[in-house]
>>> print(open('query.cif').read())   # mmCIF, C-alpha atoms and all ligand atoms
data_my_file
#
loop_
_atom_site.label_atom_id
_atom_site.label_comp_id
_atom_site.auth_asym_id
_atom_site.auth_seq_id
_atom_site.Cartn_x
_atom_site.Cartn_y
_atom_site.Cartn_z
CA MET A 1 83.57 11.90 24.79
CA LYS A 2 81.19 9.31 23.36
CA ARG A 3 77.78 8.67 24.87
CA LEU A 4 75.18 6.11 23.83
CA ILE A 5 71.45 6.46 24.49
CA ARG A 6 70.33 2.86 24.27
CA GLY A 7 67.07 1.27 23.18
CA GLY A 8 64.75 4.27 23.32
CA THR A 9 61.97 5.24 20.93
CA ILE A 10 63.69 7.86 18.78
CA VAL A 11 61.21 10.53 17.72
CA THR A 12 63.34 12.12 15.02
CA VAL A 13 61.12 14.98 13.76
CA ASN A 14 63.07 14.60 10.50
CA ALA A 15 61.49 15.32 7.10
CA HIS A 16 59.73 11.93 7.17
CA ALA A 17 58.69 12.26 10.83
CA ASP A 18 60.37 8.91 11.46
CA VAL A 19 59.73 7.25 14.80
CA LEU A 20 62.23 4.47 15.48
CA PRO A 21 61.41 2.01 18.26
CA GLU A 22 64.17 0.33 20.31
CA THR A 23 66.92 2.28 18.60
CA ASP A 24 70.29 3.56 19.84
CA LEU A 25 71.60 7.07 19.41
CA LEU A 26 75.36 7.69 19.57
CA ILE A 27 76.77 11.09 20.47
CA ASP A 28 80.39 11.91 19.70
CA GLY A 29 81.48 15.21 21.21
CA ASP A 30 78.74 17.75 20.56
CA ARG A 31 77.09 15.96 17.63
CA ILE A 32 74.86 13.00 16.83
CA ALA A 33 77.14 10.38 15.27
CA ALA A 34 74.77 7.48 14.58
CA ILE A 35 71.14 6.41 14.94
CA ALA A 36 70.54 2.68 14.56
CA PRO A 37 69.52 -0.40 16.54
CA GLY A 38 72.18 -2.41 18.38
CA LEU A 39 75.11 0.02 18.12
CA ASP A 40 78.44 -1.19 19.50
CA THR A 41 79.32 0.16 22.97
CA ALA A 42 83.08 -0.23 22.41
CA GLY A 43 84.82 3.05 23.16
CA VAL A 44 81.65 4.56 24.64
CA ASP A 45 82.21 6.51 27.87
CA ASP A 46 78.62 6.61 29.11
CA VAL A 47 75.52 4.55 28.34
CA VAL A 48 72.08 6.02 29.06
CA GLU A 49 69.43 3.29 29.26
CA ALA A 50 66.30 4.54 27.47
CA ARG A 51 64.13 1.44 27.07
CA GLY A 52 60.47 2.44 27.47
CA LYS A 53 61.42 6.08 27.09
CA ALA A 54 61.13 8.52 24.21
CA VAL A 55 64.20 10.35 22.90
CA ILE A 56 63.09 13.63 21.35
CA PRO A 57 64.76 16.75 19.96
CA GLY A 58 65.09 19.27 22.79
CA LEU A 59 62.10 21.60 22.87
CA ILE A 60 62.77 25.07 21.47
CA GLN A 61 60.85 28.01 22.92
CA THR A 62 61.04 31.11 20.78
CA HIS A 63 59.53 33.63 23.19
CA ILE A 64 60.73 33.76 26.80
CA HIS A 65 61.39 36.55 29.31
CA LEU A 66 63.87 35.11 31.80
CA CYS A 67 63.90 38.44 33.67
CA GLN A 68 60.22 37.92 34.53
CA THR A 69 60.70 34.53 36.17
CA LEU A 70 60.83 36.24 39.59
CA PHE A 71 57.42 37.85 38.90
CA ARG A 72 55.59 34.52 38.84
CA GLY A 73 52.36 35.03 40.78
CA GLN A 74 52.86 38.80 41.12
CA ALA A 75 50.64 39.94 38.24
CA ASP A 76 47.74 37.54 37.87
CA ASP A 77 44.31 38.20 36.40
CA ARG A 78 44.94 41.39 34.41
CA GLU A 79 44.84 42.15 30.69
CA LEU A 80 48.01 43.01 28.80
CA LEU A 81 48.37 46.79 29.09
CA ASP A 82 47.34 46.89 32.79
CA TRP A 83 49.53 43.86 33.48
CA LEU A 84 52.45 45.62 31.81
CA GLN A 85 52.04 49.17 33.07
CA GLN A 86 50.87 48.46 36.64
CA ARG A 87 53.04 45.47 37.56
CA ILE A 88 55.62 44.25 35.07
CA LEU A 89 57.32 47.50 34.05
CA PRO A 90 57.62 48.73 37.68
CA LEU A 91 59.11 45.36 38.69
CA GLU A 92 61.47 45.37 35.70
CA ALA A 93 62.50 48.92 36.65
CA ALA A 94 63.33 47.67 40.17
CA HIS A 95 65.66 44.91 38.86
CA ASP A 96 69.35 45.00 39.80
CA GLU A 97 72.19 42.98 38.37
CA ALA A 98 71.88 40.18 40.94
CA SER A 99 68.11 39.92 40.56
CA VAL A 100 68.37 39.64 36.76
CA TYR A 101 70.97 36.91 37.23
CA HIS A 102 68.82 34.95 39.71
CA ALA A 103 65.70 35.37 37.55
CA ALA A 104 67.61 33.96 34.59
CA LEU A 105 68.99 31.00 36.53
CA LEU A 106 65.56 30.13 37.93
CA GLY A 107 64.00 30.30 34.47
CA ILE A 108 66.79 28.33 32.79
CA GLY A 109 66.68 25.72 35.55
CA GLU A 110 62.97 25.22 34.99
CA LEU A 111 63.46 25.06 31.20
CA LEU A 112 66.26 22.50 31.35
CA ARG A 113 64.40 20.42 33.94
CA SER A 114 61.45 20.17 31.54
CA GLY A 115 63.32 19.40 28.31
CA THR A 116 63.75 22.81 26.67
CA THR A 117 67.22 23.10 25.16
CA ALA A 118 67.02 26.40 23.26
CA ILE A 119 65.25 29.73 23.69
CA ILE A 120 64.79 33.14 22.18
CA ASP A 121 64.78 35.43 25.19
CA MET A 122 63.89 39.08 25.74
CA GLU A 123 65.50 40.67 28.79
CA THR A 124 64.72 44.00 30.41
CA VAL A 125 66.30 47.41 29.69
CA HIS A 126 69.22 47.16 32.14
CA HIS A 127 71.60 44.50 33.52
CA THR A 128 71.31 42.20 30.46
CA GLU A 129 74.94 41.23 30.94
CA ALA A 130 73.88 39.28 34.07
CA ALA A 131 71.34 37.25 32.10
CA PHE A 132 73.94 36.40 29.44
CA GLN A 133 76.27 35.29 32.23
CA ALA A 134 73.58 32.89 33.51
CA MET A 135 72.98 31.57 29.97
CA ALA A 136 76.70 31.00 29.47
CA GLU A 137 77.11 29.15 32.79
CA SER A 138 73.97 27.02 32.46
CA GLY A 139 74.69 25.48 29.05
CA ILE A 140 71.35 26.39 27.42
CA ARG A 141 71.31 27.47 23.75
CA ALA A 142 69.95 31.00 23.43
CA ILE A 143 69.36 34.01 21.29
CA ALA A 144 68.76 36.96 23.60
CA GLY A 145 68.91 40.69 23.86
CA LYS A 146 68.19 43.67 26.03
CA VAL A 147 64.73 45.16 25.59
CA MET A 148 64.60 48.57 23.91
CA ILE A 149 62.14 51.29 25.00
CA ASP A 150 62.31 54.95 23.96
CA SER A 151 58.71 56.20 24.00
CA GLY A 152 55.12 55.36 24.80
CA PRO A 153 52.66 55.61 27.67
CA GLY A 154 53.06 54.19 31.18
CA VAL A 155 56.81 53.57 31.02
CA PRO A 156 58.61 54.13 34.36
CA PRO A 157 61.38 56.75 34.05
CA ALA A 158 64.02 54.14 34.97
CA LEU A 159 63.15 52.14 31.84
CA MET A 160 62.82 55.05 29.39
CA GLU A 161 65.88 55.30 27.16
CA GLU A 162 67.23 57.91 24.82
CA THR A 163 67.04 56.40 21.32
CA GLY A 164 70.75 56.63 20.54
CA ALA A 165 71.75 55.26 23.95
CA SER A 166 69.47 52.25 23.55
CA LEU A 167 70.95 51.48 20.14
CA THR A 168 74.52 51.95 21.38
CA GLU A 169 74.00 49.67 24.38
CA SER A 170 72.38 47.03 22.16
CA VAL A 171 75.32 47.06 19.76
CA ARG A 172 77.77 46.92 22.68
CA LEU A 173 76.03 43.81 24.08
CA MET A 174 75.90 42.26 20.61
CA GLU A 175 79.63 42.78 20.12
CA ARG A 176 80.32 41.25 23.51
CA TRP A 177 77.96 38.24 23.42
CA HIS A 178 77.04 37.33 19.83
CA GLY A 179 78.66 33.98 19.01
CA ARG A 180 80.01 33.31 22.51
CA GLU A 181 80.36 29.75 23.88
CA ASN A 182 81.16 28.34 20.41
CA GLY A 183 78.09 30.01 18.94
CA ARG A 184 75.70 28.66 21.59
CA ILE A 185 74.79 32.22 22.57
CA ARG A 186 73.73 34.80 20.04
CA TYR A 187 72.33 38.31 20.12
CA ALA A 188 68.95 39.69 18.99
CA PHE A 189 67.79 43.28 18.89
CA CYS A 190 64.66 43.38 21.08
CA PRO A 191 62.48 46.46 20.67
CA ARG A 192 59.69 45.76 23.17
CA PHE A 193 56.76 46.55 20.86
CA ALA A 194 55.67 49.37 18.60
CA VAL A 195 53.80 51.05 21.48
CA THR A 196 57.05 51.76 23.36
CA CYS A 197 59.43 52.23 20.42
CA SER A 198 59.74 55.31 18.23
CA ASP A 199 59.56 55.09 14.47
CA ALA A 200 63.19 56.24 14.31
CA MET A 201 64.38 53.50 16.65
CA LEU A 202 62.55 50.74 14.81
CA ARG A 203 64.03 51.86 11.49
CA GLU A 204 67.53 51.90 13.02
CA VAL A 205 66.99 48.40 14.43
CA ALA A 206 65.99 47.17 10.97
CA GLU A 207 69.16 48.70 9.52
CA LEU A 208 71.43 47.25 12.24
CA SER A 209 69.87 43.81 11.89
CA ARG A 210 70.59 43.90 8.16
CA LEU A 211 74.10 45.24 8.66
CA TYR A 212 75.15 42.66 11.27
CA GLY A 213 72.91 39.78 10.15
CA VAL A 214 71.47 39.31 13.64
CA HIS A 215 67.92 38.57 14.72
CA VAL A 216 65.14 40.94 15.76
CA HIS A 217 62.77 39.73 18.45
CA THR A 218 59.68 41.78 19.33
CA HIS A 219 56.02 41.52 20.33
CA ALA A 220 53.32 42.12 17.74
CA SER A 221 49.53 42.24 17.74
CA GLU A 222 49.00 40.49 21.04
CA ASN A 223 46.10 42.60 22.22
CA GLN A 224 43.33 44.84 20.81
CA GLY A 225 44.41 47.87 22.90
CA GLU A 226 47.93 47.55 21.53
CA ILE A 227 46.89 47.46 17.88
CA ALA A 228 44.41 50.33 18.38
CA TYR A 229 47.25 52.39 19.87
CA VAL A 230 49.60 51.62 16.96
CA GLU A 231 46.90 52.31 14.40
CA ALA A 232 46.12 55.70 15.99
CA ASP A 233 49.78 56.66 16.49
CA ARG A 234 51.37 55.30 13.28
CA GLY A 235 48.35 55.18 10.99
CA MET A 236 48.69 51.51 10.05
CA ARG A 237 47.82 48.01 11.20
CA ASN A 238 50.63 46.81 13.44
CA VAL A 239 52.26 44.16 11.21
CA LEU A 240 51.93 46.38 8.12
CA TYR A 241 53.63 49.11 10.12
CA LEU A 242 56.48 46.75 11.04
CA GLU A 243 56.80 45.92 7.34
CA HIS A 244 56.83 49.65 6.56
CA VAL A 245 59.82 50.23 8.88
CA GLY A 246 61.72 47.23 7.47
CA LEU A 247 61.23 44.76 10.28
CA THR A 248 59.54 41.91 8.43
CA HIS A 249 62.21 39.48 7.24
CA ASP A 250 63.48 35.98 7.92
CA ARG A 251 65.60 37.05 10.90
CA THR A 252 62.58 38.56 12.68
CA VAL A 253 60.61 36.59 15.27
CA LEU A 254 57.30 38.18 16.25
CA ALA A 255 55.74 36.98 19.47
CA HIS A 256 51.97 36.41 19.46
CA CYS A 257 50.32 37.74 16.24
CA VAL A 258 46.92 37.05 17.83
CA HIS A 259 45.07 39.84 16.02
CA VAL A 260 46.29 39.85 12.41
CA ASP A 261 44.16 40.35 9.32
CA GLU A 262 44.57 38.86 5.84
CA ALA A 263 46.86 41.63 4.62
CA GLU A 264 49.09 41.17 7.66
CA ILE A 265 49.24 37.39 7.20
CA ASP A 266 50.26 38.10 3.58
CA ALA A 267 53.05 40.37 4.81
CA LEU A 268 54.33 37.69 7.21
CA ALA A 269 54.18 34.98 4.55
CA ARG A 270 55.91 36.88 1.74
CA SER A 271 58.73 38.11 3.99
CA GLY A 272 59.45 34.82 5.79
CA THR A 273 58.87 36.49 9.15
CA HIS A 274 58.57 33.96 11.98
CA VAL A 275 55.72 33.87 14.49
CA SER A 276 56.13 32.65 18.06
CA HIS A 277 52.81 31.34 19.35
CA CYS A 278 52.29 31.53 23.13
CA PRO A 279 48.88 29.94 23.75
CA CYS A 280 48.95 29.76 27.58
CA SER A 281 50.03 33.38 27.94
CA ASN A 282 47.47 34.53 25.36
CA LEU A 283 44.70 32.82 27.31
CA LYS A 284 45.83 34.01 30.74
CA LEU A 285 46.06 37.66 29.66
CA ALA A 286 42.72 37.21 27.83
CA SER A 287 44.45 38.37 24.63
CA GLY A 288 42.73 35.88 22.34
CA ILE A 289 43.56 32.89 20.16
CA ALA A 290 46.13 33.33 17.40
CA PRO A 291 45.00 32.19 13.91
CA VAL A 292 47.67 29.50 13.79
CA PRO A 293 45.96 27.19 11.27
CA GLN A 294 45.58 30.14 8.88
CA LEU A 295 49.22 31.17 9.38
CA LEU A 296 50.44 27.61 8.78
CA ALA A 297 48.21 27.23 5.71
CA ARG A 298 49.92 30.30 4.23
CA GLY A 299 53.36 28.85 4.91
CA VAL A 300 54.27 31.08 7.86
CA ASN A 301 56.75 29.40 10.20
CA VAL A 302 55.04 29.19 13.62
CA SER A 303 56.95 28.01 16.68
CA LEU A 304 56.01 27.94 20.37
CA GLY A 305 56.95 29.84 23.52
CA ALA A 306 55.82 30.05 27.11
CA ASP A 307 56.38 33.85 27.19
CA GLY A 308 57.29 34.81 30.78
CA ALA A 309 56.46 33.22 34.12
CA ALA A 310 54.48 36.38 34.94
CA SER A 311 51.89 35.61 32.26
CA ASN A 312 51.78 31.82 32.05
CA ASN A 313 52.81 31.00 34.93
CA ASN A 314 55.27 28.23 34.07
CA LEU A 315 57.83 27.59 31.35
CA ASP A 316 56.94 23.95 30.63
CA GLY A 317 57.11 23.39 26.85
CA PHE A 318 54.89 20.31 27.14
CA MET A 319 52.05 22.48 28.48
CA GLU A 320 52.52 24.81 25.52
CA MET A 321 52.28 21.89 23.06
CA ARG A 322 49.10 20.55 24.64
CA MET A 323 47.50 23.99 24.75
CA ALA A 324 48.54 24.85 21.16
CA ALA A 325 46.69 21.73 20.01
CA LEU A 326 43.59 22.11 22.18
CA ILE A 327 42.71 25.78 21.75
CA GLN A 328 42.25 25.55 17.97
CA LYS A 329 39.90 22.57 18.04
CA PRO A 330 36.64 24.28 19.14
CA ARG A 331 37.07 26.76 16.28
CA HIS A 332 38.52 24.54 13.55
CA GLY A 333 37.35 21.03 14.47
CA PRO A 334 39.08 18.10 16.15
CA ARG A 335 41.43 17.44 13.21
CA ALA A 336 43.06 20.87 13.53
CA MET A 337 46.56 20.88 15.00
CA PRO A 338 47.29 17.15 15.26
CA ALA A 339 50.01 16.01 17.66
CA ARG A 340 52.69 15.56 14.95
CA MET A 341 52.20 19.09 13.69
CA VAL A 342 52.44 20.49 17.21
CA LEU A 343 55.63 18.56 18.01
CA GLU A 344 57.15 19.93 14.81
CA MET A 345 56.25 23.47 15.93
CA ALA A 346 57.91 22.86 19.30
CA THR A 347 61.14 21.63 17.73
CA MET A 348 61.99 22.16 14.01
CA ALA A 349 59.91 25.32 13.63
CA GLY A 350 61.79 26.77 16.60
CA ALA A 351 65.10 25.83 14.98
CA ARG A 352 64.03 27.58 11.77
CA ALA A 353 63.05 30.70 13.74
CA MET A 354 66.50 30.72 15.34
CA GLY A 355 68.18 30.32 11.95
CA LEU A 356 69.52 26.96 13.20
CA ALA A 357 67.51 24.44 11.17
CA HIS A 358 70.77 22.88 9.96
CA GLU A 359 72.08 22.47 13.53
CA THR A 360 69.21 21.56 15.86
CA GLY A 361 65.46 20.88 16.05
CA SER A 362 65.55 17.24 14.93
CA LEU A 363 67.49 14.08 15.72
CA GLU A 364 69.64 13.48 12.64
CA VAL A 365 73.23 12.36 12.19
CA GLY A 366 75.57 15.35 12.02
CA LYS A 367 73.34 17.72 13.98
CA GLN A 368 74.08 19.08 17.43
CA ALA A 369 73.05 16.65 20.16
CA ASP A 370 70.28 18.83 21.62
CA LEU A 371 67.76 16.36 23.03
CA ALA A 372 65.55 15.21 25.89
CA VAL A 373 64.78 11.72 27.16
CA VAL A 374 61.17 11.43 28.34
CA ASP A 375 59.93 8.67 30.64
CA LEU A 376 56.52 7.57 29.34
CA GLY A 377 56.02 5.02 32.13
CA GLY A 378 53.86 7.27 34.30
CA LEU A 379 50.18 6.63 34.99
CA HIS A 380 49.23 9.70 32.92
CA THR A 381 51.04 8.48 29.78
CA TRP A 382 50.03 4.82 30.11
CA PRO A 383 49.23 2.42 28.42
CA GLU A 384 51.46 2.28 25.38
CA ALA A 385 50.00 3.98 22.32
CA ASP A 386 51.21 6.33 19.59
CA VAL A 387 54.30 7.90 21.12
CA VAL A 388 53.73 11.38 19.65
CA SER A 389 50.19 11.42 21.05
CA ARG A 390 51.54 10.48 24.48
CA LEU A 391 54.16 13.25 24.28
CA VAL A 392 51.86 16.06 23.13
CA TYR A 393 48.60 15.28 24.90
CA GLY A 394 49.76 13.41 28.00
CA ALA A 395 53.34 14.11 29.00
CA ARG A 396 54.55 16.83 31.36
CA GLY A 397 57.90 18.53 31.76
CA SER A 398 58.46 16.55 34.94
CA ASP A 399 58.56 13.35 32.85
CA VAL A 400 61.87 14.44 31.31
CA VAL A 401 64.74 12.44 32.81
CA LEU A 402 67.66 13.80 30.78
CA THR A 403 68.31 17.06 28.93
CA MET A 404 71.34 17.55 26.71
CA VAL A 405 72.62 20.57 24.75
CA GLY A 406 75.46 20.11 22.28
CA GLY A 407 76.29 16.70 23.74
CA ARG A 408 76.59 18.05 27.28
CA VAL A 409 74.19 16.57 29.84
CA LEU A 410 72.63 19.49 31.74
CA MET A 411 69.93 17.58 33.65
CA ARG A 412 69.84 13.92 34.60
CA ASP A 413 67.35 12.08 36.80
CA GLY A 414 65.82 15.36 37.96
CA LEU A 415 69.16 16.88 38.94
CA LEU A 416 70.42 20.07 37.31
CA LEU A 417 74.13 19.56 36.68
CA THR A 418 75.22 23.14 35.94
CA MET A 419 73.50 24.82 38.88
CA ASP A 420 72.76 24.29 42.54
CA GLN A 421 68.97 24.17 42.63
CA PRO A 422 68.46 25.06 46.34
CA ALA A 423 70.83 28.02 45.93
CA VAL A 424 69.01 29.14 42.77
CA GLN A 425 65.65 29.04 44.55
CA ARG A 426 67.04 30.84 47.61
CA GLY A 427 68.64 33.53 45.44
CA ALA A 428 65.40 34.02 43.51
CA GLN A 429 63.33 34.36 46.69
CA GLU A 430 65.70 36.96 48.14
CA ALA A 431 65.69 38.85 44.84
CA ILE A 432 61.90 39.10 44.48
CA ASN A 433 61.56 40.13 48.15
CA ARG A 434 64.04 42.93 47.47
CA LEU A 435 62.23 44.06 44.28
CA LEU A 436 58.81 44.09 45.96
CA GLY A 437 60.28 46.16 48.78
CA ARG A 438 61.68 48.56 46.20
CA ILE A 439 58.30 49.14 44.50
CA GLY A 440 56.52 49.39 47.86
CA ALA A 441 54.57 46.13 47.55
CA ARG A 442 54.41 43.42 50.16
CA ALA A 443 56.39 40.22 49.68
ZN ZN A 501 56.42 38.56 25.87
#
>>> encode(input="query.cif", output="structure tokens")
Amino acid sequence: MKRLIRGGTIVTVNAHADVLPETDLLIDGDRIAAIAPGLDTAGVDDVVEARGKAVIPGLIQTHIHLCQTLFRGQADDRELLDWLQQRILPLEAAHDEASVYHAALLGIGELLRSGTTAIIDMETVHHTEAAFQAMAESGIRAIAGKVMIDSGPGVPPALMEETGASLTESVRLMERWHGRENGRIRYAFCPRFAVTCSDAMLREVAELSRLYGVHVHTHASENQGEIAYVEADRGMRNVLYLEHVGLTHDRTVLAHCVHVDEAEIDALARSGTHVSHCPCSNLKLASGIAPVPQLLARGVNVSLGADGAASNNNLDGFMEMRMAALIQKPRHGPRAMPARMVLEMATMAGARAMGLAHETGSLEVGKQADLAVVDLGGLHTWPEADVVSRLVYGARGSDVVLTMVGGRVLMRDGLLLTMDQPAVQRGAQEAINRLLGRIGARA
């Protein structure tokens, strides 16, 4: 199958940040075969007209909780530990296999509709198989894993695991899903955060990650209460503690890192540990503003994520880009976080975090055809100006008109091609009604 995207502005996000106006992009099978003006359409099965539109690498979000998509609007206006202990953990405990599946489909549908092609996802304790099923069916690229919880305050009994059982179930899921769909789906060990994970479990996770060469995805230093708890319980600053148990390395992606000191930034930088910055979620939960310019200045790889729909409340990667740029400017001046830097975070930095910098994250010949076509003809992105500025500061997820993963078109002209949107929305509504009934809250 050959497909040609004709005449768009190709925003490559390659090493030279090349932007190529009125250029064609040819896809052969799952890969980008050519990028040049005026390519021949002979032998091409499908031509996508992209004049006046931007063709960008698919957005990569490195911290998502698909299982929380049903909880959108159910946990507003609380700070992290209350949000987690009073609403999110009880709702996660109420999940069943069908509700995890519908939560994942709803989240993936929203992500694909708005140009996100790859995610790092943290599920809940149980029913993770159902989320993997949704990822496999939908066509999205994902690294995901079941969350691991074996200790800590405020955890509902249904989510509390015995350490060995949590590790065994994680390895079972890894063996079943890692590398599936021609490598499009991969596994990550997902200890929730140091507050709810024993020292023994975190050390085992570090060992298993090394043994199998798979990712570790966890939360770190999102909130003052969290780091005070870890400091009291483990006797160290959170990131230094994670280093102590062997979890700082280049296959680890830490969500947030809002409250990190110089020694912790050093630990992240020297180990190649990746940080996933979630500015909307950090603001909504009143967690704070991550020191992203300082992290970047030290060479830490920082990518973006929406976190979950329960703390954002949407999964639109364009919103995350805009917010990542804006929130640093009052503190660091208007030149901090320019649009090009933010677009790089939302694409190539995400690919690096996933260990897929050679495969995705930029539009280059030979890479996987993971991309989005964005219509910049709307009132809010008009008139014509620097295309990267229009994408980062003006565009919205709803401006995306085509989303492709590995050469496969998953959304075109607003229509999701691997799922039935009305059925997904209906299934999600029924599922959240059921979960709210289960925890004794009103729908
Ligand atoms: Zn999170």
>>> closest_atom_pairs(input="query.cif", of="chain A", to="ligand ZN 501 (chain A)", cutoff="7 Å", atoms="all atoms listed in the file", output="tab-separated table")
residue	atom	partner	partner_atom	distance
A:His63	CA	A:ZN501	ZN	6.4
A:Ile64	CA	A:ZN501	ZN	6.5
A:His65	CA	A:ZN501	ZN	6.4
A:His219	CA	A:ZN501	ZN	6.3
A:Ala255	CA	A:ZN501	ZN	6.6
A:Asp307	CA	A:ZN501	ZN	4.9
A:Gly308	CA	A:ZN501	ZN	6.2
>>> residues_around(input="query.cif", residues="Glu161 in chain A", least_positions_apart="6", cutoff="12 Å", atoms="all atoms listed in the file", output="list in words")
Ala93, Thr124, Val125, His126, Lys146, Val147, Met148, Ile149, Asp150, Ser151, Gly152, Val155, Leu167, Thr168, Glu169, Ser170, Pro191, Thr196, Cys197, Ser198 and Met201 of chain A
>>> write_last_selection(input="query.cif", atoms="C-alpha atoms", output="PDB file, in the coordinates of the input")
ATOM      1  CA  ALA A  93      62.500  48.920  36.650  1.00  0.00           C
ATOM      2  CA  THR A 124      64.720  44.000  30.410  1.00  0.00           C
ATOM      3  CA  VAL A 125      66.300  47.410  29.690  1.00  0.00           C
ATOM      4  CA  HIS A 126      69.220  47.160  32.140  1.00  0.00           C
ATOM      5  CA  LYS A 146      68.190  43.670  26.030  1.00  0.00           C
ATOM      6  CA  VAL A 147      64.730  45.160  25.590  1.00  0.00           C
ATOM      7  CA  MET A 148      64.600  48.570  23.910  1.00  0.00           C
ATOM      8  CA  ILE A 149      62.140  51.290  25.000  1.00  0.00           C
ATOM      9  CA  ASP A 150      62.310  54.950  23.960  1.00  0.00           C
ATOM     10  CA  SER A 151      58.710  56.200  24.000  1.00  0.00           C
ATOM     11  CA  GLY A 152      55.120  55.360  24.800  1.00  0.00           C
ATOM     12  CA  VAL A 155      56.810  53.570  31.020  1.00  0.00           C
ATOM     13  CA  LEU A 167      70.950  51.480  20.140  1.00  0.00           C
ATOM     14  CA  THR A 168      74.520  51.950  21.380  1.00  0.00           C
ATOM     15  CA  GLU A 169      74.000  49.670  24.380  1.00  0.00           C
ATOM     16  CA  SER A 170      72.380  47.030  22.160  1.00  0.00           C
ATOM     17  CA  PRO A 191      62.480  46.460  20.670  1.00  0.00           C
ATOM     18  CA  THR A 196      57.050  51.760  23.360  1.00  0.00           C
ATOM     19  CA  CYS A 197      59.430  52.230  20.420  1.00  0.00           C
ATOM     20  CA  SER A 198      59.740  55.310  18.230  1.00  0.00           C
ATOM     21  CA  MET A 201      64.380  53.500  16.650  1.00  0.00           C
TER      22      MET A 201
END
>>> closest_residue(input="query.cif", among="A:Ala286, A:Ala15, A:Ala188, A:Leu242", to="Asp76 in chain A", atoms="all atoms listed in the file")
A:Ala286
>>> closest_residue(input="query.cif", among="A:Arg51, A:Arg113, A:Arg438, A:Lys329", to="Gly7 in chain A", atoms="all atoms listed in the file")
A:Arg51
>>> closest_residue(input="query.cif", among="A:Glu344, A:Leu376, A:Val275, A:Gly109", to="Ser362 in chain A", atoms="only C-alpha atoms")
A:Glu344
>>> closest_residue(input="query.cif", among="A:Pro279, A:Pro57, A:Pro293, A:Pro90", to="Ala324 in chain A", atoms="all atoms listed in the file")
A:Pro279
>>> atom_distance(input="query.cif", atom1="CA of Thr41 in chain A", atom2="CA of Ala54 in chain A")
20.1 Å
>>> atom_distance(input="query.cif", atom1="CA of Leu283 in chain A", atom2="CA of Val302 in chain A")
17.5 Å
>>> atom_distance(input="query.cif", atom1="CA of Gly407 in chain A", atom2="CA of Ala369 in chain A")
4.8 Å
>>> closest_residue(input="query.cif", among="A:Asp399, A:Glu129, A:Glu207, A:Glu430", to="Val100 in chain A", atoms="all atoms listed in the file")
A:Glu129
>>> closest_residue(input="query.cif", among="A:Leu417, A:Val253, A:Ile56, A:Ala290", to="Ala144 in chain A", atoms="all atoms listed in the file")
A:Val253
>>> residues_around(input="query.cif", residues="Leu240 in chain A", least_positions_apart="3", cutoff="12 Å", atoms="all atoms listed in the file", output="ChimeraX atom specification")
/A:194,220-221,227,230-231,234-237,243-248,257,260-268,271
>>> closest_atom_pairs(input="query.cif", of="range 97-137 of chain A", to="range 69-73 of chain A", cutoff="8 Å", atoms="only C-alpha atoms", output="Markdown table")
| residue | atom | partner | partner_atom | distance |
| --- | --- | --- | --- | --- |
| A:Ala103 | CA | A:Thr69 | CA | 5.3 |
| A:Ala104 | CA | A:Thr69 | CA | 7.1 |
| A:Leu106 | CA | A:Thr69 | CA | 6.8 |
| A:Gly107 | CA | A:Thr69 | CA | 5.6 |
>>> residues_around(input="query.cif", residues="Leu59 in chain A", least_positions_apart="6", cutoff="12 Å", atoms="all atoms listed in the file", output="MDAnalysis selection string")
chainID A and resid 13 111:120 140:141 303:306 315:321 342:351 360:363 370:374 391:392 397 400 403:405
